[in-house]
Structures are given as C-alpha cells and as structure tokens.
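Reproduced below: data-v7.csv, with CSV, C-alpha atoms.
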chain,number,residue,atom,x,y,z
A,204,MET,CA,14.2,30.8,-32.2
A,205,ALA,CA,15.0,28.0,-29.9
A,206,ASP,CA,12.9,24.9,-30.1
A,207,TRP,CA,11.8,23.4,-26.8
A,208,LEU,CA,11.9,19.9,-28.3
A,209,THR,CA,15.6,20.1,-29.0
A,210,ARG,CA,16.2,19.9,-25.3
A,211,HIS,CA,13.1,18.3,-23.9
A,212,ARG,CA,11.4,15.2,-25.3
A,213,PRO,CA,7.6,14.9,-25.0
A,214,GLN,CA,7.8,12.0,-22.5
A,215,GLU,CA,10.1,14.1,-20.2
A,216,ARG,CA,7.7,16.9,-20.3
A,217,ALA,CA,4.8,14.7,-19.4
A,218,ASP,CA,6.8,13.2,-16.5
A,219,SER,CA,7.6,16.7,-15.1
A,220,ASN,CA,4.3,18.3,-15.8
A,221,ALA,CA,5.9,21.1,-17.7
A,222,VAL,CA,4.0,24.3,-18.1
A,223,VAL,CA,4.0,27.1,-20.7
A,224,VAL,CA,3.4,30.5,-19.3
A,225,ILE,CA,2.5,33.2,-21.8
A,226,GLY,CA,2.7,36.8,-20.6
A,227,LEU,CA,5.4,37.3,-17.9
A,228,GLY,CA,4.3,40.5,-16.1
A,229,ARG,CA,3.9,40.5,-12.4
A,230,PHE,CA,1.3,37.7,-12.3
A,231,GLY,CA,2.9,35.5,-15.0
A,232,SER,CA,6.5,35.9,-13.8
A,233,ALA,CA,5.5,35.2,-10.1
A,234,LEU,CA,3.6,32.1,-11.2
A,235,ALA,CA,6.4,30.9,-13.4
A,236,LEU,CA,9.1,31.3,-10.7
A,237,GLU,CA,6.9,29.6,-8.1
A,238,LEU,CA,6.4,26.7,-10.5
A,239,MET,CA,10.2,26.5,-11.0
A,240,ALA,CA,10.7,26.5,-7.2
A,241,ALA,CA,8.4,23.5,-7.0
A,242,GLY,CA,10.4,21.6,-9.6
A,243,THR,CA,8.2,22.1,-12.6
A,244,GLU,CA,9.8,22.9,-16.0
A,245,VAL,CA,8.6,26.2,-17.4
A,246,LEU,CA,8.7,27.7,-20.9
A,247,GLY,CA,8.1,31.4,-20.6
A,248,ILE,CA,6.9,33.5,-23.5
A,249,ASP,CA,6.7,37.3,-23.7
A,250,ASP,CA,7.1,40.0,-26.3
A,251,ASP,CA,8.9,42.4,-24.0
A,252,PRO,CA,12.7,42.0,-24.4
A,253,ASP,CA,13.5,43.5,-21.0
A,254,ILE,CA,11.2,41.0,-19.3
A,255,VAL,CA,12.7,38.1,-21.2
A,256,GLN,CA,16.2,39.3,-20.4
A,257,GLY,CA,15.3,39.6,-16.7
A,258,LEU,CA,14.1,36.0,-16.5
A,259,ASN,CA,16.9,34.5,-18.6
A,260,GLY,CA,18.4,31.7,-16.6
A,261,ARG,CA,15.6,31.7,-14.0
A,262,LEU,CA,13.2,29.6,-16.1
A,263,THR,CA,13.8,26.4,-18.0
A,264,GLN,CA,13.5,28.5,-21.2
A,265,VAL,CA,12.3,32.0,-21.8
A,266,VAL,CA,11.6,33.3,-25.3
A,267,ARG,CA,10.7,36.7,-26.8
A,268,ALA,CA,7.8,35.9,-29.2
A,269,ASP,CA,4.4,37.1,-30.4
A,270,SER,CA,2.0,34.6,-28.9
A,271,THR,CA,-0.9,35.6,-31.2
A,272,LYS,CA,0.9,33.9,-34.2
A,273,GLU,CA,0.0,30.3,-34.6
A,274,GLU,CA,3.2,29.4,-36.5
A,275,VAL,CA,5.3,31.0,-33.7
A,276,LEU,CA,3.7,28.8,-31.0
A,277,ARG,CA,4.1,25.7,-33.2
A,278,GLN,CA,7.8,26.5,-33.6
A,279,LEU,CA,8.0,26.6,-29.8
A,280,SER,CA,6.2,23.2,-29.6
A,281,VAL,CA,3.4,24.8,-27.5
A,282,PRO,CA,0.8,22.3,-28.8
A,283,ASP,CA,2.7,19.5,-27.1
A,284,PHE,CA,2.1,20.9,-23.6
A,285,ASP,CA,-0.7,19.7,-21.4
A,286,PHE,CA,-0.6,22.8,-19.1
A,287,ALA,CA,-0.7,26.4,-20.2
A,288,VAL,CA,-1.2,29.7,-18.5
A,289,VAL,CA,-2.1,33.0,-20.2
A,290,GLY,CA,-1.0,35.8,-18.0
A,291,ILE,CA,-1.1,38.6,-20.5
A,292,GLY,CA,-2.1,41.7,-18.4
A,293,THR,CA,-2.4,44.7,-20.7
A,294,ASN,CA,-3.8,43.6,-24.0
A,295,VAL,CA,-7.3,42.0,-24.1
A,296,GLU,CA,-7.1,41.2,-27.8
A,297,ALA,CA,-3.7,39.5,-27.4
A,298,SER,CA,-5.1,37.5,-24.5
A,299,ILE,CA,-8.1,36.3,-26.4
A,300,LEU,CA,-6.2,35.5,-29.5
A,301,THR,CA,-3.5,33.6,-27.6
A,302,THR,CA,-6.1,31.7,-25.5
A,303,SER,CA,-8.1,30.8,-28.6
A,304,LEU,CA,-4.9,29.3,-30.2
A,305,LEU,CA,-4.2,27.2,-27.1
A,306,LEU,CA,-7.7,25.9,-27.1
A,307,ASN,CA,-7.4,25.0,-30.8
A,308,PHE,CA,-4.3,23.1,-30.0
A,309,GLU,CA,-6.5,21.1,-27.6
A,310,ILE,CA,-4.2,21.7,-24.6
A,311,ARG,CA,-6.0,19.9,-21.8
A,312,ASN,CA,-5.5,22.5,-19.0
A,313,VAL,CA,-5.6,26.1,-19.9
A,314,TRP,CA,-5.6,28.9,-17.2
A,315,ALA,CA,-6.1,32.5,-18.2
A,316,LYS,CA,-5.9,35.8,-16.4
A,317,ALA,CA,-8.9,38.1,-16.8
A,318,LEU,CA,-8.5,41.8,-16.8
A,319,SER,CA,-12.2,42.5,-16.1
A,320,GLU,CA,-15.6,40.7,-15.7
A,321,PRO,CA,-16.4,41.1,-19.5
A,322,HIS,CA,-13.0,39.7,-20.4
A,323,GLY,CA,-13.5,36.8,-18.0
A,324,ARG,CA,-16.9,36.0,-19.6
A,325,ILE,CA,-15.4,36.0,-23.1
A,326,LEU,CA,-12.6,33.6,-21.9
A,327,GLN,CA,-15.3,31.3,-20.4
A,328,GLN,CA,-17.3,31.4,-23.6
A,329,LEU,CA,-14.2,30.4,-25.5
A,330,GLY,CA,-14.0,27.3,-23.3
A,331,VAL,CA,-11.4,28.2,-20.7
A,332,GLY,CA,-11.8,26.0,-17.7
A,333,HIS,CA,-9.9,28.1,-15.3
A,334,VAL,CA,-10.3,31.9,-15.4
A,335,VAL,CA,-8.4,33.9,-12.8
A,336,PHE,CA,-9.1,37.4,-11.5
A,337,PRO,CA,-6.0,38.1,-9.5
A,338,GLU,CA,-6.7,41.8,-8.7
A,339,HIS,CA,-10.3,41.1,-7.8
A,340,ASP,CA,-9.4,38.0,-5.7
A,341,MET,CA,-6.6,39.9,-3.9
A,342,GLY,CA,-8.9,42.8,-3.2
A,343,ARG,CA,-11.4,40.4,-1.6
A,344,ARG,CA,-8.7,38.8,0.4
A,345,VAL,CA,-7.3,42.0,1.7
A,346,ALA,CA,-10.7,43.2,2.7
A,347,HIS,CA,-10.9,40.3,5.2
A,348,LEU,CA,-7.5,41.2,6.6
A,349,VAL,CA,-7.6,44.9,7.1
A,350,ARG,CA,-9.6,44.7,10.4
A,351,GLY,CA,-6.8,42.8,12.0
A,352,THR,CA,-8.6,39.9,13.6
A,353,VAL,CA,-7.9,37.7,10.5
A,354,LEU,CA,-4.2,37.0,10.0
A,355,ASP,CA,-4.6,35.1,6.7
A,356,TYR,CA,-7.6,34.1,4.7
A,357,ILE,CA,-8.4,31.7,1.8
A,358,GLN,CA,-11.9,31.5,0.3
A,359,PHE,CA,-13.0,28.4,-1.6
A,360,GLU,CA,-16.1,27.8,-3.7
A,361,ASP,CA,-19.6,27.7,-2.2
A,362,ASP,CA,-18.9,30.3,0.5
A,363,PHE,CA,-16.4,28.3,2.4
A,364,ALA,CA,-13.2,29.8,3.9
A,365,MET,CA,-10.2,28.9,5.9
A,366,VAL,CA,-9.0,31.6,8.4
A,367,LYS,CA,-5.8,32.0,10.4
A,368,THR,CA,-6.5,33.8,13.6
A,369,ARG,CA,-5.7,34.1,17.3
A,370,PRO,CA,-7.7,31.8,19.6
A,371,PRO,CA,-10.5,33.3,21.7
A,372,THR,CA,-10.1,33.3,25.4
A,373,GLU,CA,-12.9,30.9,26.1
A,374,ILE,CA,-11.2,27.9,24.5
A,375,LEU,CA,-7.7,28.5,26.1
A,376,GLY,CA,-6.5,25.7,28.3
A,377,ARG,CA,-9.3,23.3,27.4
A,378,ARG,CA,-9.5,20.2,25.3
A,379,LEU,CA,-11.0,21.2,21.9
A,380,GLY,CA,-13.4,18.3,22.3
A,381,ASP,CA,-14.8,20.0,25.4
A,382,THR,CA,-15.2,23.5,23.9
A,383,GLY,CA,-18.1,22.7,21.6
A,384,VAL,CA,-16.8,25.0,19.0
A,385,ARG,CA,-18.4,23.3,16.0
A,386,THR,CA,-21.8,23.1,17.7
A,387,ARG,CA,-21.8,26.6,19.1
A,388,TYR,CA,-20.1,28.5,16.2
A,389,GLY,CA,-20.5,26.3,13.2
A,390,VAL,CA,-16.7,26.1,12.5
A,391,THR,CA,-13.9,23.6,12.9
A,392,ILE,CA,-10.4,24.3,14.3
A,393,VAL,CA,-8.3,22.2,11.9
A,394,ALA,CA,-4.8,23.0,12.9
A,395,VAL,CA,-2.8,24.8,15.6
A,396,HIS,CA,0.5,26.7,15.2
A,397,ARG,CA,2.6,26.7,18.3
A,398,ARG,CA,5.6,29.0,18.5
A,399,GLY,CA,8.8,27.1,17.6
A,400,GLU,CA,6.9,24.0,16.5
A,401,GLY,CA,4.9,25.0,13.4
A,402,PHE,CA,1.4,23.8,12.5
A,403,SER,CA,0.0,20.5,13.6
A,404,TYR,CA,-3.4,18.9,13.1
A,405,ALA,CA,-5.9,19.7,15.8
A,406,THR,CA,-7.7,16.8,17.5
A,407,ALA,CA,-10.3,16.5,20.2
A,408,ASP,CA,-7.4,16.3,22.8
A,409,THR,CA,-5.6,19.4,21.6
A,410,VAL,CA,-5.3,22.1,24.2
A,411,VAL,CA,-4.9,25.6,22.7
A,412,GLU,CA,-2.6,28.2,24.5
A,413,ALA,CA,-2.7,32.0,24.4
A,414,ASP,CA,0.3,32.3,22.1
A,415,ASP,CA,-1.0,29.8,19.6
A,416,MET,CA,-2.4,30.6,16.2
A,417,ILE,CA,-5.3,28.5,14.8
A,418,LEU,CA,-6.7,27.6,11.4
A,419,VAL,CA,-10.5,27.7,11.4
A,420,ALA,CA,-12.6,26.3,8.6
A,421,GLY,CA,-16.3,26.9,7.9
A,422,ARG,CA,-18.7,29.1,6.1
A,423,THR,CA,-17.1,32.5,5.4
A,424,LYS,CA,-19.3,34.6,7.7
A,425,LEU,CA,-19.1,32.1,10.5
A,426,ALA,CA,-15.3,31.7,10.3
A,427,GLU,CA,-14.9,35.5,10.3
A,428,ARG,CA,-17.3,35.9,13.2
A,429,PHE,CA,-15.4,33.3,15.2
A,430,SER,CA,-12.1,35.2,14.5
A,431,ARG,CA,-13.6,38.3,16.1
A,432,LEU,CA,-14.2,36.6,19.5
A,433,HIS,CA,-12.0,37.7,22.3
How would this structure read if it were set down as structure tokens?
Amino acid sequence: MADWLTRHRPQERADSNAVVVIGLGRFGSALALELMAAGTEVLGIDDDPDIVQGLNGRLTQVVRADSTKEEVLRQLSVPDFDFAVVGIGTNVEASILTTSLLLNFEIRNVWAKALSEPHGRILQQLGVGHVVFPEHDMGRRVAHLVRGTVLDYIQFEDDFAMVKTRPPTEILGRRLGDTGVRTRYGVTIVAVHRRGEGFSYATADTVVEADDMILVAGRTKLAERFSRLH
C-alpha cells in the first residue's frame, strides 16, 4: 500500500491544503475532482476496486482500502491531514466508524455525508462540525427551480437566500437607486449579468435591461416573491 508521505512531506500538504476524501461514490468523486480542479491535492480512499481504477491518475493518489481499520488509515498517513471528507454513501456503520477514527486522530476539519436525519444526528453527536445532506439539500434546491421563475438558487443559514432570476419589468431602464427595490421588496440586487459581458456588481447607478439576469439576495420568501414579479 502506497504511503502518502513517501511523496508528500507534511509541510507541502499544509501549504496546499491537501484533503483526504473517503468514499468515492457520486458525491465523493465529484467533490474530489472539483478539489483537484481548484489545485488542491487529494488522497482518495474507497474499498471498490472499480471506483479506484476509474479515478486512477485523476486524483493525486487514490487507494483501495478499508477505512474502518485504524492501522490502514495510519499507513496512509491520514492522521497528518487537516481536512477530511467522509463521503461513504451506502454503509452507515462504515461511515460512523470511519468518522470516529478521523475525530480520534484530531483532524481539525471533518466533513461527513449523512444518509438520513438519524445518521446526521449521530455524526453531530460524535462531534462532526460539518454534516452534509446532499440529497436533502438538492431536493430543496430543485423545489425552488421547478416553477421556472428562479434560474438558480442558493440558501444560506438563518433563512437567507441568493436567487438568479430575470428582472421584473418595473425596474427596466431605471437606475437601481431610483427603483426602491430594497425598501419595497426587502431584497437587494447584488449583481447583473449582461449577455456577452458576464456578471458585474450592481450599484445605485446600474441600469438593468430586459435581456439581463440579476442576482437577488434577501430572506428566502422575499427573494422568491421578487423573482415572480413580471
């Protein structure tokens, strides 16, 4: 079994914010590949030989291993990482055992995928600071898109959202500072996307045109209500 430390010294890992991703199903592999695209070194671990073979050469290092075994993770120098993601998607027991080991290693930043609300509660009780519910979160996101007025949607904590939508007719051709959007609707237009130009920050002097798209920030219900204006 290859040892990460034979090719990557601890200081190099700290400088590049290397991440270990355990469980390389759809969620874990997409996350690992996105990290690689952003220039982050990734050690991927999975017990499925087909998955490991498919990602060979696409991650910094990918290893077939049983992540529930402490000695295996130590051989791979997993305790030396500051960032770890548990993306195990079919085996709750393996997810909990693996996560428990990472926490025992005192890895500073552990993210774990939850398969259900009870699974998520157990992960939180173990001490995981970041529990992710990808299916649940995606379902909520799609629910806001299906009606067609919202083109993209991101919800943050405390009932706050950012929505990409078409501008309502009443603000077209006017300075945003003259429209009173924040006062009347309780939202803020933070950016405007003009065809062929990309997004730019919105200011009081920005004039929105019919073919533009806008990013609107505010309380979730208010942002959605604004997106339904015509």
Open item on the list: Taking 5 positions as the minimum chain separation for residues in the same chain, which residues sit within 12 Å of A:Ala241 when counting only C-alpha atoms? Answer as JSON, numbers by chain.
Closed with: {"A": [219, 220, 221, 222, 234, 235, 236, 262]}
Could you tell me, as a PDB file with C-alpha atoms, keeping the file's coordinate frame, which residues have any atom at most 9 Å from (-2.3, 20.2, -21.1), counting all atoms listed in the file?
ATOM      1  CA  ASN A 220       4.300  18.300 -15.800  1.00  0.00           C
ATOM      2  CA  ALA A 221       5.900  21.100 -17.700  1.00  0.00           C
ATOM      3  CA  VAL A 222       4.000  24.300 -18.100  1.00  0.00           C
ATOM      4  CA  PRO A 282       0.800  22.300 -28.800  1.00  0.00           C
ATOM      5  CA  ASP A 283       2.700  19.500 -27.100  1.00  0.00           C
ATOM      6  CA  PHE A 284       2.100  20.900 -23.600  1.00  0.00           C
ATOM      7  CA  ASP A 285      -0.700  19.700 -21.400  1.00  0.00           C
ATOM      8  CA  PHE A 286      -0.600  22.800 -19.100  1.00  0.00           C
ATOM      9  CA  ALA A 287      -0.700  26.400 -20.200  1.00  0.00           C
ATOM     10  CA  GLU A 309      -6.500  21.100 -27.600  1.00  0.00           C
ATOM     11  CA  ILE A 310      -4.200  21.700 -24.600  1.00  0.00           C
ATOM     12  CA  ARG A 311      -6.000  19.900 -21.800  1.00  0.00           C
ATOM     13  CA  ASN A 312      -5.500  22.500 -19.000  1.00  0.00           C
ATOM     14  CA  VAL A 313      -5.600  26.100 -19.900  1.00  0.00           C
TER      15      VAL A 313
END
Open item on the list: Need the shell around A:Ile417: protein/DNA/RNA residues with any atom at most 6 Å away, counting all atoms listed in the file. Skip same-chain ones fewer than 6 positions apart. Format as a list in words?
Closed with: Lys367, Thr368, Ala394 and Val395 of chain A
Task: Non-local contacts of A:Leu305 (12 Å; all atoms listed in the file; under 6 positions in same chain excluded) as a ChimeraX atom specification - done: /A:223-225,270-273,276-277,280-289,298-299,311-315,326,329-331
Once you have the residues from the selection above, write them out as a PDB file, in the frame of the given file, restricted to C-alpha atoms.
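To be explicit, this is the file written out as part08.pdb:
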ATOM      1  CA  VAL A 223       4.000  27.100 -20.700  1.00  0.00           C
ATOM      2  CA  VAL A 224       3.400  30.500 -19.300  1.00  0.00           C
ATOM      3  CA  ILE A 225       2.500  33.200 -21.800  1.00  0.00           C
ATOM      4  CA  SER A 270       2.000  34.600 -28.900  1.00  0.00           C
ATOM      5  CA  THR A 271      -0.900  35.600 -31.200  1.00  0.00           C
ATOM      6  CA  LYS A 272       0.900  33.900 -34.200  1.00  0.00           C
ATOM      7  CA  GLU A 273       0.000  30.300 -34.600  1.00  0.00           C
ATOM      8  CA  LEU A 276       3.700  28.800 -31.000  1.00  0.00           C
ATOM      9  CA  ARG A 277       4.100  25.700 -33.200  1.00  0.00           C
ATOM     10  CA  SER A 280       6.200  23.200 -29.600  1.00  0.00           C
ATOM     11  CA  VAL A 281       3.400  24.800 -27.500  1.00  0.00           C
ATOM     12  CA  PRO A 282       0.800  22.300 -28.800  1.00  0.00           C
ATOM     13  CA  ASP A 283       2.700  19.500 -27.100  1.00  0.00           C
ATOM     14  CA  PHE A 284       2.100  20.900 -23.600  1.00  0.00           C
ATOM     15  CA  ASP A 285      -0.700  19.700 -21.400  1.00  0.00           C
ATOM     16  CA  PHE A 286      -0.600  22.800 -19.100  1.00  0.00           C
ATOM     17  CA  ALA A 287      -0.700  26.400 -20.200  1.00  0.00           C
ATOM     18  CA  VAL A 288      -1.200  29.700 -18.500  1.00  0.00           C
ATOM     19  CA  VAL A 289      -2.100  33.000 -20.200  1.00  0.00           C
ATOM     20  CA  SER A 298      -5.100  37.500 -24.500  1.00  0.00           C
ATOM     21  CA  ILE A 299      -8.100  36.300 -26.400  1.00  0.00           C
ATOM     22  CA  ARG A 311      -6.000  19.900 -21.800  1.00  0.00           C
ATOM     23  CA  ASN A 312      -5.500  22.500 -19.000  1.00  0.00           C
ATOM     24  CA  VAL A 313      -5.600  26.100 -19.900  1.00  0.00           C
ATOM     25  CA  TRP A 314      -5.600  28.900 -17.200  1.00  0.00           C
ATOM     26  CA  ALA A 315      -6.100  32.500 -18.200  1.00  0.00           C
ATOM     27  CA  LEU A 326     -12.600  33.600 -21.900  1.00  0.00           C
ATOM     28  CA  LEU A 329     -14.200  30.400 -25.500  1.00  0.00           C
ATOM     29  CA  GLY A 330     -14.000  27.300 -23.300  1.00  0.00           C
ATOM     30  CA  VAL A 331     -11.400  28.200 -20.700  1.00  0.00           C
TER      31      VAL A 331
END
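Here atom CA of A:Leu418 stands at a distance of 10.6 Å from atom CA of A:Ile357.
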Task: Separation of atom CA of A:Lys424 from atom CA of A:Thr382, in Å and rounded to one decimal - done: 20.1 Å
Name the residues in contact with A:Asp362 at a cut-off of 12 Å, using all atoms listed in the file, excluding same-chain residues fewer than 3 positions from it; report them as a CSV table (one decimal) with C-alpha atoms, in the frame of the given file.
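What ended up in selection_29.csv:
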chain,number,residue,atom,x,y,z
A,357,ILE,CA,-8.4,31.7,1.8
A,358,GLN,CA,-11.9,31.5,0.3
A,359,PHE,CA,-13.0,28.4,-1.6
A,365,MET,CA,-10.2,28.9,5.9
A,420,ALA,CA,-12.6,26.3,8.6
A,421,GLY,CA,-16.3,26.9,7.9
A,422,ARG,CA,-18.7,29.1,6.1
A,423,THR,CA,-17.1,32.5,5.4
A,424,LYS,CA,-19.3,34.6,7.7
A,425,LEU,CA,-19.1,32.1,10.5
A,426,ALA,CA,-15.3,31.7,10.3
A,427,GLU,CA,-14.9,35.5,10.3
- [ ] Identify the residues within 9 Å of coordinate (-7.4, 22.8, 23.8) (same frame as the file), considering only C-alpha atoms, and give the answer as a PyMOL selection string.
- [x] chain A and resi 374-382+405-412
Task: For A:Gly260: contacts at 12 Å, all atoms listed in the file, fewer than 4 positions along chain excluded, given as a list in words - done: Leu236, Met239, Val245, Leu246, Gly247, Val255, Gln256, Gln264, Val265 and Val266 of chain A
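Shortest atom-to-atom contact with A:Ala297 among A:Val384, A:Asp251, A:Glu373, A:Asp269: A:Asp269, counting all atoms listed in the file.
If all atoms listed in the file are the atoms counted, then among A:Gly401, A:Gly242, A:Gly342, A:Gly226 the closest residue to A:Asn294 is A:Gly226.
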Task: Using all atoms listed in the file: which of A:Arg369, A:His322, A:Arg343, A:Arg431 has the shortest distance to A:Ala413 - done: A:Arg369
